[in-house]
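Colleague: So here's data-v1.tsv (TSV, C-alpha atoms).
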```
chain	number	residue	atom	x	y	z
U	58	MET	CA	0.00	0.00	0.00
U	59	VAL	CA	2.85	2.34	0.86
U	60	GLY	CA	4.42	1.66	-2.48
U	61	GLN	CA	1.21	2.51	-4.24
U	62	ARG	CA	0.94	5.75	-2.22
U	63	ASP	CA	4.45	6.77	-3.19
U	64	ALA	CA	3.66	6.10	-6.84
U	65	LEU	CA	0.86	8.66	-7.00
U	66	PRO	CA	1.42	11.30	-9.73
U	67	LEU	CA	0.96	14.24	-7.32
U	68	ASP	CA	3.04	16.69	-9.36
U	69	SER	CA	1.03	15.92	-12.50
U	70	VAL	CA	-2.29	16.26	-10.64
U	71	ALA	CA	-1.20	19.60	-9.15
U	72	ALA	CA	-0.05	20.95	-12.52
U	73	GLN	CA	-3.30	19.98	-14.25
U	74	ALA	CA	-5.39	21.50	-11.45
U	75	ALA	CA	-3.38	24.74	-11.57
U	76	SER	CA	-3.95	24.92	-15.32
U	77	ASP	CA	-7.69	24.31	-14.87
U	78	ALA	CA	-7.83	27.11	-12.28
U	79	GLY	CA	-6.50	29.69	-14.72
U	80	GLY	CA	-2.80	29.10	-14.37
U	81	LEU	CA	-2.44	29.64	-10.64
U	82	ASP	CA	0.88	28.89	-8.95
U	83	VAL	CA	0.92	25.24	-7.82
U	84	ALA	CA	2.73	26.43	-4.68
U	85	LEU	CA	-0.65	27.64	-3.40
U	86	LEU	CA	-1.60	23.99	-2.88
U	87	GLY	CA	1.16	23.58	-0.31
U	88	SER	CA	1.11	20.00	0.98
U	89	PHE	CA	-2.62	19.57	0.29
U	90	LEU	CA	-2.30	16.58	-2.04
U	91	ASP	CA	0.24	14.86	0.20
U	92	VAL	CA	-1.79	15.13	3.40
U	93	LEU	CA	-4.98	14.27	1.53
U	94	ALA	CA	-3.46	11.06	0.15
U	95	ASP	CA	-2.02	10.20	3.58
U	96	ALA	CA	-5.39	10.80	5.28
U	97	VAL	CA	-7.19	8.50	2.85
U	98	ASP	CA	-4.44	5.90	3.10
U	99	ALA	CA	-4.60	5.96	6.92
U	100	GLY	CA	-8.38	6.38	7.08
U	101	VAL	CA	-8.12	9.34	9.53
U	102	PRO	CA	-9.19	13.00	9.33
U	103	LEU	CA	-6.71	15.84	8.93
U	104	SER	CA	-5.02	17.06	12.11
U	105	ARG	CA	-5.31	20.60	13.49
U	106	GLY	CA	-1.72	21.24	12.53
U	107	GLN	CA	-2.36	20.22	8.94
U	108	LEU	CA	-5.51	22.35	8.77
U	109	HIS	CA	-3.61	25.34	10.15
U	110	GLU	CA	-1.36	25.21	7.09
U	111	PHE	CA	-4.34	25.70	4.78
U	112	ARG	CA	-5.52	28.74	6.72
U	113	ALA	CA	-2.05	30.19	6.13
U	114	GLN	CA	-2.30	29.32	2.41
U	115	GLY	CA	-5.60	31.22	2.24
U	116	ASP	CA	-3.89	34.24	3.82
U	117	THR	CA	-1.02	34.04	1.33
U	118	ALA	CA	-3.38	33.80	-1.64
U	119	ALA	CA	-5.43	36.81	-0.51
U	120	ARG	CA	-2.33	38.96	-0.10
U	121	ALA	CA	-1.14	37.88	-3.55
U	122	GLY	CA	-4.38	39.12	-5.09
U	123	VAL	CA	-5.74	35.69	-6.00
U	124	ALA	CA	-9.51	35.49	-6.35
U	125	LEU	CA	-11.21	33.23	-3.81
U	126	ARG	CA	-13.18	31.47	-6.52
U	127	ALA	CA	-9.97	30.60	-8.40
U	128	LEU	CA	-8.30	29.41	-5.20
U	129	LEU	CA	-11.18	27.11	-4.33
U	130	ASP	CA	-11.25	25.84	-7.90
U	131	LEU	CA	-7.55	24.93	-7.58
U	132	TYR	CA	-8.12	22.87	-4.42
U	133	LEU	CA	-11.35	21.17	-5.49
U	134	THR	CA	-10.05	20.34	-8.95
U	135	SER	CA	-6.86	18.85	-7.54
U	136	ALA	CA	-8.98	16.76	-5.15
U	137	TRP	CA	-11.16	15.16	-7.83
U	138	ARG	CA	-8.17	14.64	-10.10
U	139	LEU	CA	-6.36	12.90	-7.22
U	140	TRP	CA	-9.39	10.72	-6.43
U	141	ARG	CA	-9.14	8.64	-9.61
U	142	GLU	CA	-5.44	7.95	-8.86
U	143	LEU	CA	-5.93	6.72	-5.27
U	144	PRO	CA	-5.11	3.02	-4.63
U	145	ALA	CA	-8.55	2.42	-3.07
U	146	VAL	CA	-10.25	3.70	-6.22
U	147	VAL	CA	-7.94	1.82	-8.57
U	148	ALA	CA	-8.72	-1.40	-6.64
U	149	ALA	CA	-12.44	-0.67	-6.32
U	150	ALA	CA	-13.48	-3.88	-8.06
U	151	GLU	CA	-11.56	-5.94	-5.54
U	152	ASP	CA	-12.61	-4.00	-2.44
U	153	PRO	CA	-15.86	-1.99	-2.95
U	154	ALA	CA	-16.13	-1.22	0.76
U	155	GLY	CA	-12.69	0.34	0.68
U	156	VAL	CA	-13.87	2.88	-1.87
U	157	VAL	CA	-16.73	3.93	0.38
U	158	THR	CA	-14.40	4.41	3.33
U	159	ALA	CA	-11.90	6.29	1.18
U	160	GLY	CA	-14.68	8.55	-0.15
U	161	GLU	CA	-15.90	9.41	3.34
U	162	VAL	CA	-12.40	10.24	4.56
U	163	MET	CA	-11.60	12.28	1.46
U	164	LEU	CA	-14.83	14.26	1.50
U	165	ARG	CA	-14.32	15.17	5.14
U	166	ALA	CA	-10.68	16.07	4.59
U	167	VAL	CA	-11.47	18.28	1.57
U	168	ASP	CA	-14.35	19.93	3.42
U	169	ASP	CA	-12.18	20.71	6.45
U	170	ALA	CA	-9.24	21.94	4.36
U	171	VAL	CA	-11.36	24.20	2.14
U	172	ALA	CA	-13.16	25.66	5.16
U	173	GLU	CA	-9.82	26.63	6.72
U	174	LEU	CA	-8.57	27.91	3.38
U	175	ALA	CA	-11.59	30.17	2.93
U	176	GLU	CA	-11.41	31.38	6.54
U	177	GLY	CA	-7.77	32.36	6.17
U	178	PHE	CA	-8.53	34.09	2.89
U	179	GLN	CA	-11.47	36.10	4.30
U	180	LEU	CA	-9.56	37.18	7.39
U	181	ALA	CA	-6.67	38.38	5.25
U	182	ARG	CA	-9.04	40.23	2.91
U	183	ARG	CA	-10.65	42.05	5.83
U	184	THR	CA	-7.22	43.12	7.04
U	185	LEU	CA	-6.24	44.27	3.55
U	186	VAL	CA	-9.49	46.16	3.06
U	187	ARG	CA	-9.07	47.95	6.38
U	188	ALA	CA	-5.53	48.89	5.39
U	189	GLU	CA	-6.69	50.11	1.98
U	190	VAL	CA	-9.49	52.18	3.51
U	191	LEU	CA	-7.06	53.73	5.98
U	192	ALA	CA	-4.53	54.50	3.25
U	193	ARG	CA	-7.26	56.01	1.08
U	194	ARG	CA	-8.56	58.11	3.97
U	195	GLU	CA	-5.08	59.40	4.81
U	196	PHE	CA	-4.41	60.22	1.15
U	197	VAL	CA	-7.70	62.10	0.73
U	198	ASP	CA	-7.11	64.07	3.93
U	199	ASP	CA	-3.57	64.99	2.89
U	200	LEU	CA	-4.63	65.86	-0.66
U	201	LEU	CA	-7.50	68.12	0.36
U	202	SER	CA	-5.73	69.75	3.27
U	203	GLY	CA	-2.87	70.99	1.09
U	204	THR	CA	-0.14	69.27	3.10
U	205	SER	CA	3.40	70.53	2.69
U	206	ASP	CA	4.52	67.05	1.55
U	207	VAL	CA	3.56	67.73	-2.06
U	208	ALA	CA	5.98	65.16	-3.49
U	209	GLY	CA	4.57	62.45	-1.21
U	210	VAL	CA	0.99	63.25	-2.22
U	211	LEU	CA	1.85	63.22	-5.92
U	212	GLY	CA	3.51	59.83	-5.50
U	213	ARG	CA	0.52	58.33	-3.71
U	214	ALA	CA	-1.86	59.87	-6.25
U	215	GLN	CA	-0.55	57.47	-8.89
U	216	THR	CA	-1.58	54.58	-6.63
U	217	PHE	CA	-5.17	55.80	-6.74
U	218	GLY	CA	-5.16	56.35	-10.50
U	219	LEU	CA	-4.72	60.12	-10.50
U	220	ASP	CA	-2.30	62.06	-12.67
U	221	LEU	CA	-2.41	65.47	-11.02
U	222	SER	CA	-0.15	67.08	-13.63
U	223	SER	CA	-3.28	67.81	-15.67
U	224	PRO	CA	-6.15	70.10	-14.54
U	225	HIS	CA	-8.49	68.50	-12.02
U	226	VAL	CA	-11.72	69.67	-10.42
U	227	VAL	CA	-13.02	68.94	-6.96
U	228	ALA	CA	-16.78	68.66	-6.51
U	229	VAL	CA	-18.38	68.47	-3.07
U	230	VAL	CA	-21.85	66.96	-2.69
U	231	THR	CA	-23.86	67.89	0.40
U	232	SER	CA	-27.03	66.10	1.42
U	233	THR	CA	-29.69	66.05	4.09
U	234	LYS	CA	-28.56	62.44	4.60
U	235	PRO	CA	-24.88	62.26	5.62
U	236	PHE	CA	-22.52	60.36	3.33
U	237	THR	CA	-20.30	57.78	5.05
U	238	ASP	CA	-17.49	55.48	3.92
U	239	ALA	CA	-20.04	52.65	3.84
U	240	SER	CA	-22.46	54.60	1.64
U	241	SER	CA	-23.48	52.88	-1.59
U	242	ALA	CA	-23.25	56.29	-3.26
U	243	ILE	CA	-19.47	55.88	-3.59
U	244	THR	CA	-19.71	52.73	-5.70
U	245	LEU	CA	-22.68	54.02	-7.69
U	246	VAL	CA	-20.91	57.25	-8.63
U	247	GLU	CA	-17.71	55.42	-9.55
U	248	ARG	CA	-19.55	52.99	-11.80
U	249	SER	CA	-21.64	55.70	-13.40
U	250	VAL	CA	-18.75	57.99	-14.26
U	251	GLN	CA	-16.08	55.42	-15.08
U	252	GLY	CA	-18.52	53.15	-16.87
U	253	SER	CA	-19.23	55.84	-19.45
U	254	LYS	CA	-15.57	56.62	-20.14
U	255	GLY	CA	-13.98	53.24	-19.59
U	256	ASP	CA	-10.78	54.09	-17.75
U	257	ALA	CA	-11.73	57.61	-16.65
U	258	GLU	CA	-9.77	58.92	-13.68
U	259	LEU	CA	-11.96	59.45	-10.66
U	260	LEU	CA	-11.49	59.56	-6.92
U	261	VAL	CA	-14.64	59.34	-4.82
U	262	ALA	CA	-14.48	59.58	-1.03
U	263	THR	CA	-16.31	61.05	1.93
U	264	LYS	CA	-15.21	63.78	4.30
U	265	GLN	CA	-17.24	65.39	7.08
U	266	ASP	CA	-20.52	63.79	5.88
U	267	ARG	CA	-19.98	65.06	2.33
U	268	LEU	CA	-19.23	63.19	-0.88
U	269	ILE	CA	-15.97	64.33	-2.48
U	270	LEU	CA	-15.11	63.84	-6.15
U	271	VAL	CA	-11.73	64.56	-7.75
U	272	PHE	CA	-11.66	64.17	-11.53
U	273	PRO	CA	-9.86	65.46	-14.66
U	274	ALA	CA	-11.19	68.65	-16.20
U	275	PRO	CA	-9.69	69.11	-19.68
U	276	ASP	CA	-12.65	71.34	-20.59
U	277	LEU	CA	-16.03	72.51	-19.29
U	278	ASP	CA	-17.88	69.79	-21.22
U	279	ALA	CA	-15.97	67.14	-19.26
U	280	VAL	CA	-17.03	68.77	-15.97
U	281	ASP	CA	-20.67	68.93	-17.06
U	282	HIS	CA	-20.51	65.30	-18.15
U	283	VAL	CA	-19.32	64.13	-14.74
U	284	LEU	CA	-21.90	66.24	-12.89
U	285	ASP	CA	-24.68	64.80	-15.02
U	286	ARG	CA	-23.48	61.26	-14.28
U	287	VAL	CA	-23.35	62.04	-10.59
U	288	GLY	CA	-26.95	63.18	-10.73
U	289	ARG	CA	-27.97	59.96	-12.43
U	290	ALA	CA	-26.13	57.82	-9.90
U	291	LEU	CA	-27.70	59.57	-6.93
U	292	GLY	CA	-31.16	59.29	-8.46
U	293	THR	CA	-31.63	63.05	-8.52
U	294	SER	CA	-31.13	63.82	-12.20
U	295	ALA	CA	-34.40	64.86	-13.81
U	296	SER	CA	-33.27	64.15	-17.36
U	297	SER	CA	-30.26	63.52	-19.52
U	298	GLU	CA	-30.08	67.23	-20.33
U	299	SER	CA	-30.27	68.62	-16.81
U	300	VAL	CA	-29.05	67.87	-13.33
U	301	ASP	CA	-31.61	68.69	-10.68
U	302	LEU	CA	-29.71	67.69	-7.59
U	303	ARG	CA	-32.08	69.56	-5.30
U	304	ARG	CA	-34.82	67.01	-5.91
U	305	LYS	CA	-35.21	64.59	-3.05
U	306	GLY	CA	-33.80	61.23	-4.07
U	307	GLU	CA	-32.58	58.15	-2.26
U	308	TYR	CA	-29.75	60.12	-0.72
U	309	GLY	CA	-31.87	63.10	0.34
U	310	ARG	CA	-31.82	66.65	-0.96
U	311	THR	CA	-28.39	67.24	-2.43
U	312	GLN	CA	-26.39	70.12	-3.84
U	313	ILE	CA	-22.99	70.22	-5.54
U	314	GLY	CA	-20.27	72.80	-4.99
U	315	VAL	CA	-17.68	72.84	-7.79
U	316	GLY	CA	-14.21	74.34	-7.60
U	317	ARG	CA	-12.24	75.66	-10.56
U	318	PRO	CA	-9.93	73.39	-12.63
U	319	ARG	CA	-6.40	73.40	-11.22
U	320	SER	CA	-3.27	71.30	-11.61
U	321	GLY	CA	-1.04	69.67	-9.03
U	322	ALA	CA	-1.64	68.66	-5.43
U	323	VAL	CA	-1.79	72.30	-4.31
U	324	GLY	CA	-4.27	73.04	-7.10
U	325	VAL	CA	-6.59	70.23	-6.03
U	326	ALA	CA	-6.57	71.51	-2.44
U	327	ALA	CA	-7.43	75.00	-3.72
U	328	SER	CA	-10.27	73.64	-5.87
U	329	TYR	CA	-11.62	71.82	-2.82
U	330	ARG	CA	-11.64	75.02	-0.74
U	331	GLU	CA	-13.40	76.84	-3.58
U	332	ALA	CA	-16.08	74.14	-3.73
U	333	LEU	CA	-16.69	74.49	0.01
U	334	ASP	CA	-16.74	78.29	-0.24
U	335	ALA	CA	-19.25	78.04	-3.09
U	336	LEU	CA	-21.59	75.96	-0.94
U	337	ASP	CA	-21.21	78.35	2.00
U	338	LEU	CA	-21.94	81.36	-0.20
U	339	ALA	CA	-24.94	79.61	-1.73
U	340	ALA	CA	-26.31	78.98	1.75
U	341	SER	CA	-25.73	82.61	2.77
U	342	LEU	CA	-27.36	83.95	-0.38
U	343	GLY	CA	-30.23	81.48	-0.34
U	344	PHE	CA	-29.25	80.03	-3.71
U	345	ASP	CA	-31.19	76.83	-4.39
U	346	ALA	CA	-29.31	75.91	-7.57
U	347	SER	CA	-28.54	72.26	-8.18
U	348	VAL	CA	-24.89	72.99	-8.96
U	349	VAL	CA	-23.00	75.91	-7.45
U	350	ASP	CA	-19.91	76.74	-9.48
U	351	ALA	CA	-17.12	78.75	-7.86
U	352	ARG	CA	-16.59	80.58	-11.17
U	353	ASP	CA	-20.09	82.00	-11.00
U	354	LEU	CA	-19.59	83.32	-7.49
U	355	LEU	CA	-16.41	85.31	-7.99
U	356	VAL	CA	-18.30	88.60	-7.77
U	357	TYR	CA	-19.65	87.63	-4.36
U	358	ARG	CA	-16.16	86.79	-3.15
U	359	VAL	CA	-15.07	90.24	-4.26
U	360	LEU	CA	-17.91	91.75	-2.25
U	361	ILE	CA	-17.05	89.98	0.98
U	362	SER	CA	-13.32	90.57	0.56
U	363	ASP	CA	-13.91	94.08	1.97
U	364	ARG	CA	-16.66	93.47	4.51
U	365	ALA	CA	-16.40	96.96	5.97
U	366	ALA	CA	-16.93	98.62	2.60
U	367	ILE	CA	-19.91	96.47	1.63
U	368	ALA	CA	-21.46	96.97	5.10
U	369	ASP	CA	-21.10	100.74	4.63
U	370	LEU	CA	-22.80	100.53	1.21
U	371	VAL	CA	-25.66	98.47	2.62
U	372	GLU	CA	-26.24	100.79	5.56
U	373	THR	CA	-26.04	103.90	3.39
U	374	LEU	CA	-28.39	102.79	0.64
U	375	LEU	CA	-30.81	100.44	2.37
U	376	THR	CA	-31.27	101.86	5.87
U	377	PRO	CA	-34.05	104.19	4.62
U	378	LEU	CA	-36.09	101.07	3.79
U	379	LEU	CA	-36.40	100.38	7.51
U	380	GLY	CA	-38.81	103.31	7.74
U	381	ALA	CA	-41.30	101.78	5.31
U	382	ARG	CA	-44.64	100.46	6.54
U	383	GLY	CA	-44.03	96.76	7.34
U	384	GLY	CA	-40.28	97.31	7.59
U	385	ALA	CA	-37.56	96.74	5.01
U	386	GLY	CA	-38.42	93.09	4.36
U	387	PRO	CA	-41.07	93.37	1.59
U	388	LEU	CA	-39.19	96.08	-0.31
U	389	LEU	CA	-35.86	94.28	0.02
U	390	GLU	CA	-37.44	91.04	-1.22
U	391	THR	CA	-38.92	92.90	-4.17
U	392	LEU	CA	-35.50	94.22	-5.11
U	393	GLN	CA	-33.96	90.76	-4.81
U	394	VAL	CA	-36.56	89.13	-7.07
U	395	TYR	CA	-36.49	92.08	-9.48
U	396	PHE	CA	-32.75	91.73	-10.05
U	397	ASP	CA	-32.93	87.91	-10.09
U	398	THR	CA	-35.44	88.07	-12.95
U	399	GLY	CA	-33.28	90.42	-15.01
U	400	ALA	CA	-35.12	93.60	-14.00
U	401	ASN	CA	-38.38	92.30	-15.43
U	402	THR	CA	-41.41	93.73	-13.65
U	403	ALA	CA	-43.88	91.15	-15.01
U	404	SER	CA	-41.65	88.21	-14.03
U	405	THR	CA	-41.16	89.73	-10.59
U	406	ALA	CA	-44.92	90.01	-10.16
U	407	ARG	CA	-45.48	86.38	-11.17
U	408	ARG	CA	-42.79	85.05	-8.87
U	409	MET	CA	-44.03	87.08	-5.91
U	410	HIS	CA	-47.71	86.42	-6.68
U	411	LEU	CA	-48.38	90.15	-6.92
U	412	SER	CA	-49.88	92.37	-9.56
U	413	VAL	CA	-47.57	94.31	-11.86
U	414	ARG	CA	-49.06	97.45	-10.40
U	415	ALA	CA	-48.07	96.37	-6.88
U	416	VAL	CA	-44.49	95.71	-7.97
U	417	THR	CA	-44.30	99.04	-9.76
U	418	TYR	CA	-45.58	100.78	-6.63
U	419	ARG	CA	-42.93	99.11	-4.48
U	420	LEU	CA	-40.14	100.10	-6.86
U	421	SER	CA	-41.42	103.65	-6.80
U	422	ARG	CA	-41.51	103.57	-3.01
U	423	ILE	CA	-37.90	102.35	-2.97
U	424	LYS	CA	-36.92	105.34	-5.12
U	425	ASP	CA	-38.68	107.71	-2.75
U	426	LEU	CA	-36.96	106.26	0.31
U	427	THR	CA	-33.44	105.69	-1.04
U	428	GLY	CA	-33.23	108.18	-3.87
U	429	GLN	CA	-32.08	105.37	-6.17
U	430	ASN	CA	-34.00	104.66	-9.37
U	431	VAL	CA	-33.85	101.05	-10.68
U	432	GLY	CA	-34.43	102.48	-14.15
U	433	ASN	CA	-31.06	104.24	-14.00
U	434	PRO	CA	-28.24	101.77	-14.83
U	435	VAL	CA	-25.73	103.33	-12.44
U	436	GLU	CA	-28.19	103.56	-9.55
U	437	ALA	CA	-29.58	100.09	-10.32
U	438	PHE	CA	-26.04	98.68	-10.12
U	439	ALA	CA	-25.52	100.31	-6.74
U	440	LEU	CA	-28.84	98.97	-5.46
U	441	HIS	CA	-28.14	95.49	-6.81
U	442	THR	CA	-24.72	95.45	-5.15
U	443	ALA	CA	-26.27	96.61	-1.89
U	444	VAL	CA	-28.93	93.88	-2.09
U	445	LEU	CA	-26.28	91.22	-2.64
U	446	GLY	CA	-24.31	92.63	0.28
U	447	ALA	CA	-27.41	92.52	2.46
U	448	LYS	CA	-27.85	88.83	1.70
U	449	LEU	CA	-24.21	88.11	2.48
U	450	LEU	CA	-24.34	90.07	5.74
U	451	ASP	CA	-27.82	88.86	6.73
U	452	TRP	CA	-28.96	92.48	6.87
U	453	PRO	CA	-31.05	93.92	8.51
U	454	GLU	CA	-31.24	91.06	11.06
U	455	ILE	CA	-27.56	91.65	11.76
U	456	ARG	CA	-26.66	95.33	11.48
U	457	SER	CA	-23.30	97.00	11.81
U	458	PRO	CA	-22.89	99.37	14.79
U	459	SER	CA	-23.44	102.98	13.74
```
Translate the structure of the given file into structure tokens.
Modeller:
Amino acid sequence: MVGQRDALPLDSVAAQAASDAGGLDVALLGSFLDVLADAVDAGVPLSRGQLHEFRAQGDTAARAGVALRALLDLYLTSAWRLWRELPAVVAAAEDPAGVVTAGEVMLRAVDDAVAELAEGFQLARRTLVRAEVLARREFVDDLLSGTSDVAGVLGRAQTFGLDLSSPHVVAVVTSTKPFTDASSAITLVERSVQGSKGDAELLVATKQDRLILVFPAPDLDAVDHVLDRVGRALGTSASSESVDLRRKGEYGRTQIGVGRPRSGAVGVAASYREALDALDLAASLGFDASVVDARDLLVYRVLISDRAAIADLVETLLTPLLGARGGAGPLLETLQVYFDTGANTASTARRMHLSVRAVTYRLSRIKDLTGQNVGNPVEAFALHTAVLGAKLLDWPEIRSPS
């Protein structure tokens, strides 16, 4: 019997099984075929020490990037290929009962070995995933914070598929439902954007309950394309031509802040800050747009760059409105809507659910109180600037000391 055991073509069985499993390294089998043949020959189950080896093999395979399905295929294929070569099977006609015993021992041994193999593989994968998540989190934090280690960030960027030498944009998605690292939105956005472009660069992560996207921006069409795909993925895009991210979808009511295209690690950090500033300005101004682009808000940044000057303009031009019946609120709202509609009286009336005559009266009253005529381009510009300043400063609720 020992001679027959020694004559088993184990190397040939292992090579054929490795080929069947997609060309895996036969070394991943370890001593599986040897201990399996010994167990069947002795009619005993595998020992704890032997099983421990297969847990280690599962760990090794996971760290080498081998798919679990391929690994299991390697082991199971080698087992059934070995079965036909076993002495008990070859001599089945002479000893039928021996085949039954051999089958029971082999099935148990394979079951035990594969269970340990899979357990070792899964444990290793969890460890690797945790390490990958941590590395990704650290990279995102360093990238967006503008760390002084620019060379280190650029080196790690390649690991995550980013070539920061070209212009990139950072988009920040806010929602009434916080985004987390476990959110399905990350995978959905990645598939939606990359699926349309094949190998498109894209980094999707979360930070402070927001969804962060970093992607190439060779032109404005590329930016619009990504934003449209994001809307589709989050279930908030109304159509293929528009992105209505303020509609309430699976992930709540969302809004996107978009920074300007910039190159390099420092540029990405700057684009991220611009995206955040755009969202903050939109909140201060009451903008309900689906996408808030930093480029469109440059004039507001100019206004708040000299807070003292804009506060002086607001107080000088708009303080007289406080003396109106009902306070400054109705007249200030009328001015806001009037300028938002392109100085169109009829559109202002429709939006405010007033008659055109009522709007005209209010504009006339504003002229009487402030001395500024919205029909005069220079005076209308001053009033418009003052209205924007009032929204930024939350005037008149918060007034500067006289």
Colleague: Please identify all polymer residues within 9 Å of Glu161 of chain U, counting all atoms listed in the file, omitting same-chain residues fewer than 5 positions from it, and present them as a ChimeraX atom specification.
Modeller: /U:97,100,156,166
Colleague: Just to confirm, what's the straight-line distance from atom CA of Val157 of chain U to atom CA of Arg138 of chain U in Å (one decimal)?
Modeller: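 Atom CA of Arg138 of chain U lies at a distance of 17.3 Å from atom CA of Val157 of chain U.
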Colleague: Quick one: everything within 10 Å of Ala339 of chain U, counting all atoms listed in the file, minus sequence neighbours fewer than 6 positions away in the same chain. Send it as a short mmCIF file (atom, residue, chain, number, x, y, z; two decimals) with C-alpha atoms, keeping the file's coordinate frame.
Modeller:
```
data_model
loop_
_atom_site.label_atom_id
_atom_site.label_comp_id
_atom_site.auth_asym_id
_atom_site.auth_seq_id
_atom_site.Cartn_x
_atom_site.Cartn_y
_atom_site.Cartn_z
CA GLN U 312 -26.39 70.12 -3.84
CA GLY U 314 -20.27 72.80 -4.99
CA LEU U 333 -16.69 74.49 0.01
CA ASP U 345 -31.19 76.83 -4.39
CA ALA U 346 -29.31 75.91 -7.57
CA VAL U 348 -24.89 72.99 -8.96
CA VAL U 349 -23.00 75.91 -7.45
CA ASP U 350 -19.91 76.74 -9.48
CA ALA U 351 -17.12 78.75 -7.86
CA LEU U 354 -19.59 83.32 -7.49
CA TYR U 357 -19.65 87.63 -4.36
CA LEU U 449 -24.21 88.11 2.48
#
```
Colleague: For Phe344 of chain U, which of U:Ser404, U:Thr184, U:Gln393, U:Asn433 is the closest residue, counting all atoms listed in the file?
Modeller: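 Residue with the minimum atom-to-atom distance to Phe344 of chain U: U:Gln393.
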Colleague: Have a look at atom CA of Ala127 of chain U and atom CA of Pro144 of chain U and let me know their distance in Å, one decimal.
Modeller: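 Rounded to one decimal, the two atoms are 28.3 Å apart.
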Colleague: Rank nothing, just name the residue among U:Leu129, U:Leu221, U:Val261, U:Val325 nearest to Ala242 of chain U, using all atoms listed in the file.
Modeller: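 Of all the options, U:Val261 lies closest to Ala242 of chain U.
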Colleague: Could you pull the residues within 10 Å of Ala385 of chain U, counting all atoms listed in the file, minus those fewer than 5 positions along the same chain, as a ChimeraX atom specification?
Modeller: /U:375-380,390,423,452-453
Colleague: Could you turn the residues from that selection into a file that holds C-alpha atoms, as a PDB file, keeping the file's coordinate frame?
Modeller:
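As written to disk, result.pdb reads:
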```pdb
ATOM      1  CA  LEU U 375     -30.810 100.440   2.370  1.00  0.00           C
ATOM      2  CA  THR U 376     -31.270 101.860   5.870  1.00  0.00           C
ATOM      3  CA  PRO U 377     -34.050 104.190   4.620  1.00  0.00           C
ATOM      4  CA  LEU U 378     -36.090 101.070   3.790  1.00  0.00           C
ATOM      5  CA  LEU U 379     -36.400 100.380   7.510  1.00  0.00           C
ATOM      6  CA  GLY U 380     -38.810 103.310   7.740  1.00  0.00           C
ATOM      7  CA  GLU U 390     -37.440  91.040  -1.220  1.00  0.00           C
ATOM      8  CA  ILE U 423     -37.900 102.350  -2.970  1.00  0.00           C
ATOM      9  CA  TRP U 452     -28.960  92.480   6.870  1.00  0.00           C
ATOM     10  CA  PRO U 453     -31.050  93.920   8.510  1.00  0.00           C
TER      11      PRO U 453
END
```
Colleague: Mind giving me the straight-line distance from atom CA of Leu388 of chain U to atom CA of Leu342 of chain U in Å, one decimal?
Modeller: 16.9 Å
Colleague: Compare U:Ala340, U:Leu143, U:Ala170, U:Ile269 by their minimum atom-to-atom distance to Gly115 of chain U, counting all atoms listed in the file, and give me the closest one.
Modeller: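 Ranked by minimum distance to Gly115 of chain U, first place goes to U:Ala170.
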Colleague: If we count all atoms listed in the file and set the cut-off at 6 Å, which residues sit around segment 67-82 of chain U, ignoring sequence neighbours fewer than 2 positions away in its own chain? Please answer as a list in words.
Modeller: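 Contacts, with the query itself left out: Leu65, Ala84, Leu85, Ala127, Asp130, Leu131, Thr134 and Ser135 of chain U.
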Colleague: Closest to Leu191 of chain U among U:Ile313, U:Val271, U:Ala262, U:Leu355, using only C-alpha atoms?
Modeller: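 For Leu191 of chain U, the nearest of the candidates is U:Ala262.
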Colleague: Using only C-alpha atoms, pick whichever of U:Thr263, U:Ser222, U:Ser328, U:Thr417 has the shortest atom-to-atom distance to Ser240 of chain U.
Modeller: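 So, comparing all the options, the nearest one is U:Thr263.
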Colleague: Which residues, protein or nucleic acid, reach to within 10 Å of (-24.2, 90.5, 5.1) in the file's coordinates when using all atoms listed in the file, and can you give that as a list in words?
Modeller: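 Counting all atoms listed in the file, I find these residues within 10 Å of (-24.2, 90.5, 5.1): Ser341, Leu342, Leu360, Ile361, Arg364, Ile367, Ala368, Val371, Ala443, Val444, Leu445, Gly446, Ala447, Lys448, Leu449, Leu450, Asp451, Trp452, Pro453, Glu454, Ile455, Arg456 and Ser457 of chain U.
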Colleague: Between U:Arg120, U:Arg165, U:Arg126, U:Arg141, which residue has the minimum interatomic distance to Leu185 of chain U, considering only C-alpha atoms?
Modeller: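 Using only C-alpha atoms, the shortest distance to Leu185 of chain U belongs to U:Arg120.
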Colleague: Mind checking which residues fall within 12 Å of Arg330 of chain U, counting only C-alpha atoms, ignoring those fewer than 6 positions away in the same chain, and posting them as JSON, numbers by chain?
Modeller: {"U": [200, 201, 202, 203, 226, 227, 228, 229, 269, 314, 315, 316, 317, 319, 323, 324, 336, 337, 351]}
Colleague: Keeping only C-alpha atoms, take the residues you just selected and write them out as a CSV table (one decimal), in the coordinates of the input.
Modeller:
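Below is the file that was written, part-v4.csv:
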```csv
chain,number,residue,atom,x,y,z
U,200,LEU,CA,-4.6,65.9,-0.7
U,201,LEU,CA,-7.5,68.1,0.4
U,202,SER,CA,-5.7,69.8,3.3
U,203,GLY,CA,-2.9,71.0,1.1
U,226,VAL,CA,-11.7,69.7,-10.4
U,227,VAL,CA,-13.0,68.9,-7.0
U,228,ALA,CA,-16.8,68.7,-6.5
U,229,VAL,CA,-18.4,68.5,-3.1
U,269,ILE,CA,-16.0,64.3,-2.5
U,314,GLY,CA,-20.3,72.8,-5.0
U,315,VAL,CA,-17.7,72.8,-7.8
U,316,GLY,CA,-14.2,74.3,-7.6
U,317,ARG,CA,-12.2,75.7,-10.6
U,319,ARG,CA,-6.4,73.4,-11.2
U,323,VAL,CA,-1.8,72.3,-4.3
U,324,GLY,CA,-4.3,73.0,-7.1
U,336,LEU,CA,-21.6,76.0,-0.9
U,337,ASP,CA,-21.2,78.4,2.0
U,351,ALA,CA,-17.1,78.8,-7.9
```
